[in-house]
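Shown next: run.json, given as JSON, C-alpha atoms and all ligand atoms.
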[["chain", "number", "residue", "atom", "x", "y", "z"],
["A", 1, "MET", "CA", 0.00, 0.00, 0.00],
["A", 2, "ARG", "CA", 1.03, 3.63, -0.31],
["A", 3, "ILE", "CA", 1.31, 4.87, 3.26],
["A", 4, "ALA", "CA", 2.00, 8.44, 4.41],
["A", 5, "VAL", "CA", 3.29, 8.70, 7.97],
["A", 6, "LEU", "CA", 2.94, 12.25, 9.32],
["A", 7, "GLY", "CA", 5.53, 13.06, 11.97],
["A", 8, "THR", "CA", 9.18, 12.12, 12.29],
["A", 9, "GLY", "CA", 9.31, 11.33, 16.00],
["A", 10, "MET", "CA", 9.83, 7.94, 17.62],
["A", 11, "VAL", "CA", 6.46, 6.62, 16.43],
["A", 12, "GLY", "CA", 6.68, 7.98, 12.88],
["A", 13, "ARG", "CA", 10.12, 6.52, 12.39],
["A", 14, "ALA", "CA", 9.26, 3.13, 13.87],
["A", 15, "LEU", "CA", 6.16, 2.69, 11.71],
["A", 16, "ALA", "CA", 7.74, 4.06, 8.52],
["A", 17, "SER", "CA", 10.67, 1.72, 8.94],
["A", 18, "ARG", "CA", 8.54, -1.35, 9.63],
["A", 19, "TRP", "CA", 6.01, -0.80, 6.85],
["A", 20, "SER", "CA", 8.79, -0.10, 4.39],
["A", 21, "GLU", "CA", 10.52, -3.33, 5.46],
["A", 22, "LEU", "CA", 7.22, -5.16, 4.90],
["A", 23, "GLY", "CA", 7.13, -3.93, 1.30],
["A", 24, "HIS", "CA", 4.82, -0.91, 1.50],
["A", 25, "GLU", "CA", 5.59, 2.35, -0.29],
["A", 26, "VAL", "CA", 6.14, 4.76, 2.59],
["A", 27, "THR", "CA", 6.46, 8.55, 2.55],
["A", 28, "MET", "CA", 7.10, 10.50, 5.74],
["A", 29, "GLY", "CA", 5.46, 13.88, 6.06],
["A", 30, "THR", "CA", 7.22, 16.60, 8.00],
["A", 31, "ARG", "CA", 6.79, 20.35, 8.42],
["A", 32, "ASP", "CA", 10.10, 21.23, 6.77],
["A", 33, "PRO", "CA", 11.62, 18.36, 4.76],
["A", 34, "GLU", "CA", 14.96, 20.14, 4.27],
["A", 35, "ALA", "CA", 15.37, 20.90, 7.96],
["A", 36, "THR", "CA", 14.32, 17.36, 8.95],
["A", 37, "ALA", "CA", 16.75, 15.83, 6.43],
["A", 38, "GLN", "CA", 19.57, 17.78, 8.12],
["A", 39, "ARG", "CA", 18.55, 16.79, 11.64],
["A", 40, "GLU", "CA", 21.25, 14.57, 13.14],
["A", 41, "ASP", "CA", 18.85, 11.93, 14.49],
["A", 42, "HIS", "CA", 17.02, 11.79, 11.17],
["A", 43, "ARG", "CA", 20.19, 11.49, 9.11],
["A", 44, "ALA", "CA", 21.31, 8.41, 10.99],
["A", 45, "TRP", "CA", 17.84, 6.87, 10.66],
["A", 46, "ALA", "CA", 17.59, 7.73, 6.94],
["A", 47, "VAL", "CA", 20.81, 5.85, 6.15],
["A", 48, "GLU", "CA", 19.18, 2.67, 7.46],
["A", 49, "ASN", "CA", 15.84, 3.45, 5.80],
["A", 50, "ASP", "CA", 16.70, 4.73, 2.36],
["A", 51, "GLY", "CA", 13.44, 3.40, 0.89],
["A", 52, "VAL", "CA", 11.40, 5.95, 2.86],
["A", 53, "VAL", "CA", 10.83, 9.25, 1.06],
["A", 54, "LEU", "CA", 10.65, 12.52, 3.00],
["A", 55, "ALA", "CA", 8.09, 15.14, 1.85],
["A", 56, "THR", "CA", 5.87, 17.91, 3.12],
["A", 57, "MET", "CA", 2.84, 16.60, 4.98],
["A", 58, "ALA", "CA", 0.52, 17.68, 2.15],
["A", 59, "ASP", "CA", 2.60, 16.00, -0.55],
["A", 60, "ALA", "CA", 2.93, 12.82, 1.49],
["A", 61, "ALA", "CA", -0.82, 12.63, 2.14],
["A", 62, "SER", "CA", -1.98, 13.47, -1.35],
["A", 63, "SER", "CA", -0.41, 10.38, -2.94],
["A", 64, "ALA", "CA", -1.22, 7.90, -0.16],
["A", 65, "GLU", "CA", -3.95, 5.34, 0.32],
["A", 66, "VAL", "CA", -3.51, 5.40, 4.10],
["A", 67, "VAL", "CA", -2.43, 8.47, 6.10],
["A", 68, "VAL", "CA", -1.05, 7.96, 9.61],
["A", 69, "ASN", "CA", -1.16, 10.72, 12.21],
["A", 70, "ALA", "CA", 2.01, 10.29, 14.29],
["A", 71, "LEU", "CA", 2.09, 13.95, 15.36],
["A", 72, "SER", "CA", 2.15, 15.07, 18.96],
["A", 73, "GLY", "CA", -1.37, 15.35, 20.37],
["A", 74, "GLN", "CA", -1.12, 19.13, 20.77],
["A", 75, "ALA", "CA", 0.01, 19.53, 17.15],
["A", 76, "THR", "CA", -2.48, 17.10, 15.62],
["A", 77, "ILE", "CA", -5.33, 19.37, 14.49],
["A", 78, "ALA", "CA", -3.04, 22.17, 13.26],
["A", 79, "GLY", "CA", -0.77, 19.63, 11.54],
["A", 80, "LEU", "CA", -3.70, 17.96, 9.76],
["A", 81, "GLU", "CA", -5.13, 21.37, 8.86],
["A", 82, "SER", "CA", -1.83, 22.17, 7.16],
["A", 83, "VAL", "CA", -2.42, 19.07, 5.00],
["A", 84, "GLY", "CA", -5.98, 20.22, 4.34],
["A", 85, "ALA", "CA", -9.33, 18.49, 3.97],
["A", 86, "GLU", "CA", -8.90, 18.35, 0.20],
["A", 87, "ALA", "CA", -5.63, 16.40, 0.35],
["A", 88, "LEU", "CA", -6.97, 14.09, 3.06],
["A", 89, "GLY", "CA", -10.15, 13.49, 1.09],
["A", 90, "ASP", "CA", -11.84, 10.23, 2.08],
["A", 91, "ARG", "CA", -8.58, 8.47, 2.83],
["A", 92, "ILE", "CA", -8.12, 6.15, 5.76],
["A", 93, "LEU", "CA", -6.62, 8.27, 8.54],
["A", 94, "VAL", "CA", -4.94, 6.20, 11.23],
["A", 95, "ASP", "CA", -4.76, 8.28, 14.40],
["A", 96, "ILE", "CA", -2.12, 7.22, 16.92],
["A", 97, "ALA", "CA", -1.80, 10.51, 18.80],
["A", 98, "ASN", "CA", -2.59, 10.91, 22.47],
["A", 99, "PRO", "CA", -3.96, 14.22, 23.78],
["A", 100, "LEU", "CA", -1.19, 14.70, 26.31],
["A", 101, "ASP", "CA", -0.67, 18.19, 27.72],
["A", 102, "PHE", "CA", 2.81, 18.64, 29.20],
["A", 103, "SER", "CA", 2.38, 22.37, 29.89],
["A", 104, "ALA", "CA", 2.26, 21.80, 33.67],
["A", 105, "GLY", "CA", 5.12, 19.28, 33.62],
["A", 106, "PHE", "CA", 5.11, 15.55, 34.23],
["A", 107, "PRO", "CA", 2.92, 13.57, 34.40],
["A", 108, "PRO", "CA", 0.93, 15.22, 31.61],
["A", 109, "THR", "CA", -2.82, 15.71, 31.79],
["A", 110, "LEU", "CA", -5.32, 14.90, 29.04],
["A", 111, "SER", "CA", -6.37, 17.95, 27.02],
["A", 112, "VAL", "CA", -9.66, 16.23, 26.12],
["A", 113, "LYS", "CA", -11.44, 13.40, 27.94],
["A", 114, "ASP", "CA", -14.66, 11.87, 29.30],
["A", 115, "THR", "CA", -17.18, 13.31, 26.85],
["A", 116, "ASP", "CA", -14.88, 13.75, 23.84],
["A", 117, "SER", "CA", -11.53, 12.51, 22.50],
["A", 118, "LEU", "CA", -8.79, 13.56, 20.12],
["A", 119, "GLY", "CA", -9.93, 10.83, 17.72],
["A", 120, "GLU", "CA", -13.41, 12.40, 17.60],
["A", 121, "GLN", "CA", -11.96, 15.89, 17.21],
["A", 122, "VAL", "CA", -9.98, 14.66, 14.19],
["A", 123, "GLN", "CA", -13.08, 12.98, 12.72],
["A", 124, "ARG", "CA", -15.18, 16.14, 13.24],
["A", 125, "ALA", "CA", -12.49, 18.36, 11.70],
["A", 126, "PHE", "CA", -12.20, 16.06, 8.64],
["A", 127, "PRO", "CA", -15.65, 14.50, 8.21],
["A", 128, "ARG", "CA", -14.83, 12.78, 4.91],
["A", 129, "ALA", "CA", -11.67, 11.08, 6.21],
["A", 130, "ARG", "CA", -12.15, 7.57, 7.55],
["A", 131, "VAL", "CA", -10.51, 7.89, 10.95],
["A", 132, "VAL", "CA", -9.32, 4.79, 12.80],
["A", 133, "LYS", "CA", -7.81, 5.25, 16.23],
["A", 134, "THR", "CA", -5.30, 2.55, 17.09],
["A", 135, "LEU", "CA", -1.86, 1.75, 18.56],
["A", 136, "ASN", "CA", -2.01, 4.66, 21.03],
["A", 137, "THR", "CA", -1.92, 2.26, 24.00],
["A", 138, "LEU", "CA", 1.59, 0.84, 23.63],
["A", 139, "THR", "CA", 5.15, 1.97, 23.10],
["A", 140, "ALA", "CA", 6.47, 2.47, 19.56],
["A", 141, "SER", "CA", 8.73, -0.58, 19.39],
["A", 142, "LEU", "CA", 5.84, -2.84, 20.48],
["A", 143, "MET", "CA", 3.54, -1.27, 17.89],
["A", 144, "THR", "CA", 5.89, -2.46, 15.17],
["A", 145, "HIS", "CA", 7.33, -5.63, 16.76],
["A", 146, "PRO", "CA", 4.65, -7.00, 19.11],
["A", 147, "ARG", "CA", 6.16, -10.48, 19.12],
["A", 148, "THR", "CA", 9.17, -9.29, 21.11],
["A", 149, "LEU", "CA", 6.83, -9.43, 24.16],
["A", 150, "ALA", "CA", 4.97, -12.61, 25.19],
["A", 151, "ASP", "CA", 5.24, -13.83, 21.58],
["A", 152, "GLY", "CA", 2.68, -11.17, 20.59],
["A", 153, "GLU", "CA", -0.01, -12.48, 22.96],
["A", 154, "HIS", "CA", -1.26, -9.04, 23.95],
["A", 155, "THR", "CA", -3.97, -6.68, 22.79],
["A", 156, "VAL", "CA", -4.46, -3.63, 20.61],
["A", 157, "PHE", "CA", -7.69, -1.82, 19.78],
["A", 158, "VAL", "CA", -9.32, -0.15, 16.79],
["A", 159, "SER", "CA", -12.02, 2.55, 17.01],
["A", 160, "GLY", "CA", -13.72, 4.10, 14.01],
["A", 161, "ASP", "CA", -17.00, 4.65, 12.19],
["A", 162, "ASP", "CA", -15.98, 3.04, 8.88],
["A", 163, "ALA", "CA", -16.00, -0.76, 8.98],
["A", 164, "ASP", "CA", -13.99, -1.17, 5.76],
["A", 165, "ALA", "CA", -11.27, 1.19, 7.02],
["A", 166, "LYS", "CA", -10.98, -0.85, 10.22],
["A", 167, "VAL", "CA", -10.54, -4.03, 8.16],
["A", 168, "VAL", "CA", -7.66, -2.45, 6.21],
["A", 169, "VAL", "CA", -6.03, -1.10, 9.40],
["A", 170, "THR", "CA", -6.45, -4.44, 11.17],
["A", 171, "SER", "CA", -4.64, -6.17, 8.30],
["A", 172, "LEU", "CA", -1.75, -3.67, 8.63],
["A", 173, "LEU", "CA", -1.61, -4.50, 12.36],
["A", 174, "THR", "CA", -1.77, -8.26, 11.79],
["A", 175, "GLU", "CA", 1.00, -8.01, 9.24],
["A", 176, "MET", "CA", 3.27, -6.47, 11.90],
["A", 177, "GLY", "CA", 2.54, -9.42, 14.21],
["A", 178, "HIS", "CA", -0.46, -8.32, 16.29],
["A", 179, "ARG", "CA", -2.59, -11.29, 17.25],
["A", 180, "ASP", "CA", -5.41, -9.78, 19.28],
["A", 181, "VAL", "CA", -7.06, -6.72, 17.72],
["A", 182, "ILE", "CA", -10.29, -5.72, 19.48],
["A", 183, "ASP", "CA", -12.75, -3.61, 17.48],
["A", 184, "LEU", "CA", -14.23, -1.36, 20.16],
["A", 185, "GLY", "CA", -16.83, 0.24, 17.86],
["A", 186, "GLY", "CA", -17.25, 3.81, 16.63],
["A", 187, "ILE", "CA", -14.74, 6.61, 16.92],
["A", 188, "GLU", "CA", -16.23, 7.71, 20.27],
["A", 189, "THR", "CA", -14.69, 4.55, 21.78],
["A", 190, "ALA", "CA", -11.31, 6.28, 21.38],
["A", 191, "ARG", "CA", -12.20, 7.99, 24.67],
["A", 192, "GLY", "CA", -11.45, 4.70, 26.41],
["A", 193, "THR", "CA", -8.04, 4.08, 24.87],
["A", 194, "GLU", "CA", -6.97, 7.72, 25.26],
["A", 195, "MET", "CA", -8.05, 7.76, 28.92],
["A", 196, "TYR", "CA", -5.86, 4.68, 29.52],
["A", 197, "LEU", "CA", -2.81, 6.93, 29.17],
["A", 198, "PRO", "CA", -2.72, 8.15, 32.78],
["A", 199, "LEU", "CA", -2.54, 4.50, 33.89],
["A", 200, "TRP", "CA", -0.01, 3.64, 31.16],
["A", 201, "LEU", "CA", 2.26, 6.45, 32.39],
["A", 202, "ARG", "CA", 2.04, 5.28, 36.03],
["A", 203, "CYS", "CA", 2.79, 1.70, 34.96],
["A", 204, "MET", "CA", 5.85, 2.92, 33.08],
["A", 205, "GLY", "CA", 6.97, 4.74, 36.24],
["A", 206, "ALA", "CA", 6.40, 1.68, 38.43],
["A", 207, "LEU", "CA", 7.97, -0.84, 36.04],
["A", 208, "GLY", "CA", 10.80, 1.41, 34.85],
["A", 209, "THR", "CA", 10.16, 0.47, 31.22],
["A", 210, "GLY", "CA", 7.65, 1.05, 28.44],
["A", 211, "MET", "CA", 7.93, -2.56, 27.30],
["A", 212, "PHE", "CA", 4.58, -3.82, 28.59],
["A", 213, "ASN", "CA", 1.07, -4.04, 27.25],
["A", 214, "LEU", "CA", -2.48, -4.97, 28.12],
["A", 215, "ARG", "CA", -3.62, -8.50, 27.46],
["A", 216, "MET", "CA", -7.38, -9.00, 27.47],
["A", 217, "VAL", "CA", -7.85, -12.42, 29.00],
["A", 218, "ARG", "CA", -11.34, -13.80, 28.33],
["B", 301, "LIG", "N1", 6.29, 7.49, 21.79],
["B", 301, "LIG", "C1", 5.50, 6.42, 21.93],
["B", 301, "LIG", "O1", 5.97, 5.30, 22.17],
["B", 301, "LIG", "C2", 4.00, 6.59, 21.75],
["B", 301, "LIG", "C3", 3.16, 5.53, 22.07],
["B", 301, "LIG", "C4", 1.78, 5.66, 21.84],
["B", 301, "LIG", "C5", 1.28, 6.84, 21.28],
["B", 301, "LIG", "N2", 2.13, 7.87, 21.03],
["B", 301, "LIG", "C6", 1.59, 9.09, 20.43],
["B", 301, "LIG", "O2", 2.04, 9.11, 19.09],
["B", 301, "LIG", "C7", 2.31, 10.45, 18.67],
["B", 301, "LIG", "C8", 3.75, 10.53, 18.16],
["B", 301, "LIG", "O3", 4.63, 10.19, 19.22],
["B", 301, "LIG", "P1", 6.17, 10.63, 19.18],
["B", 301, "LIG", "O4", 6.76, 10.22, 20.48],
["B", 301, "LIG", "O5", 6.75, 10.14, 17.91],
["B", 301, "LIG", "O6", 5.89, 12.21, 19.16],
["B", 301, "LIG", "P2", 6.76, 13.53, 19.15],
["B", 301, "LIG", "O7", 8.16, 13.19, 18.89],
["B", 301, "LIG", "O8", 6.41, 14.29, 20.35],
["B", 301, "LIG", "O9", 6.16, 14.33, 17.92],
["B", 301, "LIG", "C9", 5.95, 13.77, 16.67],
["B", 301, "LIG", "C10", 5.96, 14.82, 15.58],
["B", 301, "LIG", "O10", 4.98, 15.83, 15.84],
["B", 301, "LIG", "C11", 5.33, 16.95, 15.02],
["B", 301, "LIG", "N3", 5.15, 18.20, 15.77],
["B", 301, "LIG", "C12", 5.59, 18.50, 17.01],
["B", 301, "LIG", "N4", 5.22, 19.76, 17.33],
["B", 301, "LIG", "C13", 4.55, 20.23, 16.27],
["B", 301, "LIG", "C14", 3.89, 21.46, 15.98],
["B", 301, "LIG", "N5", 3.88, 22.46, 16.87],
["B", 301, "LIG", "N6", 3.27, 21.60, 14.77],
["B", 301, "LIG", "C15", 3.27, 20.58, 13.86],
["B", 301, "LIG", "N7", 3.87, 19.39, 14.09],
["B", 301, "LIG", "C16", 4.49, 19.23, 15.26],
["B", 301, "LIG", "C17", 6.80, 16.81, 14.66],
["B", 301, "LIG", "O11", 6.87, 16.53, 13.27],
["B", 301, "LIG", "P3", 8.05, 17.11, 12.34],
["B", 301, "LIG", "O12", 9.17, 17.59, 13.24],
["B", 301, "LIG", "O13", 8.45, 15.98, 11.49],
["B", 301, "LIG", "O14", 7.46, 18.22, 11.56],
["B", 301, "LIG", "C18", 7.24, 15.61, 15.46],
["B", 301, "LIG", "O15", 8.21, 14.86, 14.83],
["B", 301, "LIG", "C19", 2.05, 11.33, 19.89],
["B", 301, "LIG", "O16", 0.78, 11.90, 19.77],
["B", 301, "LIG", "C20", 2.11, 10.37, 21.07],
["B", 301, "LIG", "O17", 1.28, 10.76, 22.13],
["B", 301, "LIG", "C21", 3.47, 7.77, 21.25]]
Reformat the file's structure so that it appears as structure tokens.
Amino acid sequence: MRIAVLGTGMVGRALASRWSELGHEVTMGTRDPEATAQREDHRAWAVENDGVVLATMADAASSAEVVVNALSGQATIAGLESVGAEALGDRILVDIANPLDFSAGFPPTLSVKDTDSLGEQVQRAFPRARVVKTLNTLTASLMTHPRTLADGEHTVFVSGDDADAKVVVTSLLTEMGHRDVIDLGGIETARGTEMYLPLWLRCMGALGTGMFNLRMVR
């Protein structure tokens, strides 16, 4: 598939690298491609991932079948607005961002919760896009290589209003090694996975590592 990953942080890099390795055509969208290409951390990564093209967010999105939001939560709406509703069209928009607000320090608070979620805000801002919230409940290296922990016997979730989009996203997850993908329902169910973050952060503090995940035993 042609996949555009927006954001060049830990998550954007991990997913771009993995999907490229799995044979997808991956473009990474960034605010300033020239500046990102010069960034020391990106240069080292790019040497290992020379199949991944770097472009503006709008250029990356406009030629993709699936667009992935790997922007910080605070930058998500503005970042997607810079792409524009026209370029996003009715594409599948995989939203991985968490609405974390670090303005008062650590641990962050949630900038939206209870009666709304970032996933819903994205869907409302881009009504034609087929938003699927997923992968926001585990650390980047487990998103891409779930079998490094408990042989992949742990759980990820999908939330979204478009059933066909969730099927496509689930197949991208399965391809990376995820074995238990729970379809929670419509995009409003993203409230649940986003509100897990305060617990995820405390678990990371208690365990001293981000290498853990939920496993839904039933
Ligand atoms: N880190 C994890 O393991 C993890 C796990 C689950 C979910 N998440 C969520 O996944 C998302 C990405 O995580 P990350 O750790 O890779 O994030 P990050 O490094 O904090 O940010 C990702 C990208 O957001 C863009 N960005 C930052 N500020 C911006 C602004 N003011 N305007 C426009 N774009 C801006 C930057 O893109 P460019 O510099 O390329 O323009 C940056 O590379 C976050 O929402 C995070 O909550 C992360």
For this session: For ligand LIG 301 (chain B), list the contacting residues at 9 Å or closer, counting all atoms listed in the file, as a PyMOL selection string.
Result: chain A and resi 6-14+28-33+35-36+56-57+69-80+82+95-100+134-143+197+210
Problem set entry | Residue among A:Ala104, A:Ala64, A:Ile187, A:Val47 lying closest to A:Val122, counting only C-alpha atoms |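 Of all the options, A:Ile187 lies closest to A:Val122.
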Exercise. Please, what distance in Å, to one decimal, runs between atom CA of A:Thr174 and atom CA of A:Arg130?
Worked result: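 Spanning atom CA of A:Thr174 to atom CA of A:Arg130 is a straight-line distance of 19.4 Å.
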Exercise. In Å, with one decimal, what is the gap from atom CA of A:Pro146 to atom CA of A:Thr209?
Worked result: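 Computing the Euclidean distance for atom CA of A:Pro146 and atom CA of A:Thr209 yields 15.3 Å.
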Problem set entry | Which of A:Met211, A:Val94, A:Leu199, A:Leu54 sits closest to A:Thr170 [using all atoms listed in the file] | A:Val94
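Between A:Asp114 and the candidates A:Leu93, A:Met195, A:Ala163, A:Ala44, the tightest atom-to-atom separation, counting only C-alpha atoms, involves A:Met195.
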For this session: Please check which residues have atoms at most 10 Å from (-15.4, -10.2, 22.6) in the file's coordinates, counting all atoms listed in the file, and write them as a list in words.
Result: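 Those residues, ordered by chain and then number, are Ile182, Asp183, Leu184, Met216 and Arg218 of chain A.
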Exercise. Just how far from atom CA of A:Ala190 is atom CA of A:Gly119, in Å to one decimal?
Worked result: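 Spanning atom CA of A:Gly119 to atom CA of A:Ala190 is a straight-line distance of 6.0 Å.
Using only C-alpha atoms for every distance, the candidate list A:Arg128, A:Arg215, A:Arg39, A:Lys113 yields A:Arg128 as the residue closest to A:Gly89.
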Exercise. Counting only C-alpha atoms, what is within 9 Å of A:Lys166, bar same-chain residues fewer than 6 positions away, as a ChimeraX atom specification?
Worked result: /A:92,130-132,158-160,183
For this session: Please provide as a ChimeraX atom specification all residues within 6 Å of stretch 20-27 of chain A, with the sequence filter that same-chain residues fewer than 4 positions apart are discarded (counting all atoms listed in the file).
Result: /A:1-4,16,52-54,60
For this session: Please provide the set of residues having any atom within 7 Å of A:Arg91, restricted to all atoms listed in the file, with same-chain residues fewer than 4 positions apart removed, written as a VMD selection string.
Result: chain A and resid 65 to 67 129 to 130
Exercise. Between A:Glu81, A:Asp180, A:Glu48, A:Asp161, which one has atoms that come closest to A:Arg147, using all atoms listed in the file?
Worked result: A:Asp180
Exercise. Counting all atoms listed in the file, which of A:Val112, A:Ala125, A:Leu173, A:Leu207 gets nearest to A:Thr155?
Worked result: A:Leu173
How would stretch 23-32 of chain A read, as a PDB file, keeping the file's coordinate frame, once all heavy atoms are built in?
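Generated file (selection14.pdb):
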ATOM      1  N   GLY A  23       7.385  -4.056   2.734  1.00  0.00           N
ATOM      2  CA  GLY A  23       7.130  -3.930   1.300  1.00  0.00           C
ATOM      3  C   GLY A  23       6.159  -2.826   0.904  1.00  0.00           C
ATOM      4  O   GLY A  23       5.814  -2.708  -0.272  1.00  0.00           O
ATOM      5  N   HIS A  24       5.727  -2.012   1.852  1.00  0.00           N
ATOM      6  CA  HIS A  24       4.820  -0.910   1.500  1.00  0.00           C
ATOM      7  C   HIS A  24       5.639   0.280   0.980  1.00  0.00           C
ATOM      8  O   HIS A  24       6.837   0.407   1.257  1.00  0.00           O
ATOM      9  CB  HIS A  24       3.990  -0.495   2.718  1.00  0.00           C
ATOM     10  CG  HIS A  24       3.095  -1.598   3.195  1.00  0.00           C
ATOM     11  ND1 HIS A  24       1.958  -1.969   2.516  1.00  0.00           N
ATOM     12  CD2 HIS A  24       3.191  -2.443   4.264  1.00  0.00           C
ATOM     13  CE1 HIS A  24       1.387  -2.981   3.151  1.00  0.00           C
ATOM     14  NE2 HIS A  24       2.111  -3.299   4.216  1.00  0.00           N
ATOM     15  N   GLU A  25       4.946   1.147   0.250  1.00  0.00           N
ATOM     16  CA  GLU A  25       5.590   2.350  -0.290  1.00  0.00           C
ATOM     17  C   GLU A  25       5.325   3.472   0.719  1.00  0.00           C
ATOM     18  O   GLU A  25       4.183   3.930   0.838  1.00  0.00           O
ATOM     19  CB  GLU A  25       4.883   2.674  -1.613  1.00  0.00           C
ATOM     20  CG  GLU A  25       5.742   3.334  -2.638  1.00  0.00           C
ATOM     21  CD  GLU A  25       4.933   3.532  -3.916  1.00  0.00           C
ATOM     22  OE1 GLU A  25       4.514   2.520  -4.516  1.00  0.00           O
ATOM     23  OE2 GLU A  25       4.704   4.694  -4.257  1.00  0.00           O
ATOM     24  N   VAL A  26       6.370   3.854   1.450  1.00  0.00           N
ATOM     25  CA  VAL A  26       6.140   4.760   2.590  1.00  0.00           C
ATOM     26  C   VAL A  26       6.760   6.137   2.343  1.00  0.00           C
ATOM     27  O   VAL A  26       7.927   6.244   1.961  1.00  0.00           O
ATOM     28  CB  VAL A  26       6.737   4.166   3.892  1.00  0.00           C
ATOM     29  CG1 VAL A  26       6.441   5.083   5.075  1.00  0.00           C
ATOM     30  CG2 VAL A  26       6.173   2.776   4.158  1.00  0.00           C
ATOM     31  N   THR A  27       5.966   7.170   2.571  1.00  0.00           N
ATOM     32  CA  THR A  27       6.460   8.550   2.550  1.00  0.00           C
ATOM     33  C   THR A  27       6.247   9.132   3.943  1.00  0.00           C
ATOM     34  O   THR A  27       5.208   8.911   4.555  1.00  0.00           O
ATOM     35  CB  THR A  27       5.690   9.399   1.519  1.00  0.00           C
ATOM     36  OG1 THR A  27       5.783   8.755   0.258  1.00  0.00           O
ATOM     37  CG2 THR A  27       6.265  10.791   1.410  1.00  0.00           C
ATOM     38  N   MET A  28       7.251   9.836   4.447  1.00  0.00           N
ATOM     39  CA  MET A  28       7.100  10.500   5.740  1.00  0.00           C
ATOM     40  C   MET A  28       6.831  11.966   5.515  1.00  0.00           C
ATOM     41  O   MET A  28       7.575  12.634   4.786  1.00  0.00           O
ATOM     42  CB  MET A  28       8.396  10.374   6.545  1.00  0.00           C
ATOM     43  CG  MET A  28       8.440   9.163   7.411  1.00  0.00           C
ATOM     44  SD  MET A  28      10.035   9.201   8.238  1.00  0.00           S
ATOM     45  CE  MET A  28       9.465   9.196   9.889  1.00  0.00           C
ATOM     46  N   GLY A  29       5.788  12.470   6.181  1.00  0.00           N
ATOM     47  CA  GLY A  29       5.460  13.880   6.060  1.00  0.00           C
ATOM     48  C   GLY A  29       6.006  14.654   7.246  1.00  0.00           C
ATOM     49  O   GLY A  29       5.864  14.243   8.390  1.00  0.00           O
ATOM     50  N   THR A  30       6.619  15.784   6.947  1.00  0.00           N
ATOM     51  CA  THR A  30       7.220  16.600   8.000  1.00  0.00           C
ATOM     52  C   THR A  30       7.010  18.071   7.665  1.00  0.00           C
ATOM     53  O   THR A  30       6.789  18.416   6.493  1.00  0.00           O
ATOM     54  CB  THR A  30       8.723  16.230   8.117  1.00  0.00           C
ATOM     55  OG1 THR A  30       9.284  16.907   9.223  1.00  0.00           O
ATOM     56  CG2 THR A  30       9.507  16.570   6.860  1.00  0.00           C
ATOM     57  N   ARG A  31       7.072  18.942   8.674  1.00  0.00           N
ATOM     58  CA  ARG A  31       6.790  20.350   8.420  1.00  0.00           C
ATOM     59  C   ARG A  31       7.767  20.950   7.429  1.00  0.00           C
ATOM     60  O   ARG A  31       7.417  21.707   6.562  1.00  0.00           O
ATOM     61  CB  ARG A  31       6.844  21.148   9.734  1.00  0.00           C
ATOM     62  CG  ARG A  31       5.643  20.945  10.604  1.00  0.00           C
ATOM     63  CD  ARG A  31       5.864  21.499  11.976  1.00  0.00           C
ATOM     64  NE  ARG A  31       6.776  20.679  12.767  1.00  0.00           N
ATOM     65  CZ  ARG A  31       7.130  20.923  14.009  1.00  0.00           C
ATOM     66  NH1 ARG A  31       6.686  22.000  14.610  1.00  0.00           N
ATOM     67  NH2 ARG A  31       7.951  20.112  14.658  1.00  0.00           N
ATOM     68  N   ASP A  32       9.055  20.623   7.598  1.00  0.00           N
ATOM     69  CA  ASP A  32      10.100  21.230   6.770  1.00  0.00           C
ATOM     70  C   ASP A  32      11.061  20.117   6.345  1.00  0.00           C
ATOM     71  O   ASP A  32      12.012  19.795   7.068  1.00  0.00           O
ATOM     72  CB  ASP A  32      10.824  22.298   7.613  1.00  0.00           C
ATOM     73  CG  ASP A  32      11.897  23.020   6.824  1.00  0.00           C
ATOM     74  OD1 ASP A  32      12.308  22.508   5.758  1.00  0.00           O
ATOM     75  OD2 ASP A  32      12.324  24.101   7.275  1.00  0.00           O
TER      76      ASP A  32
END
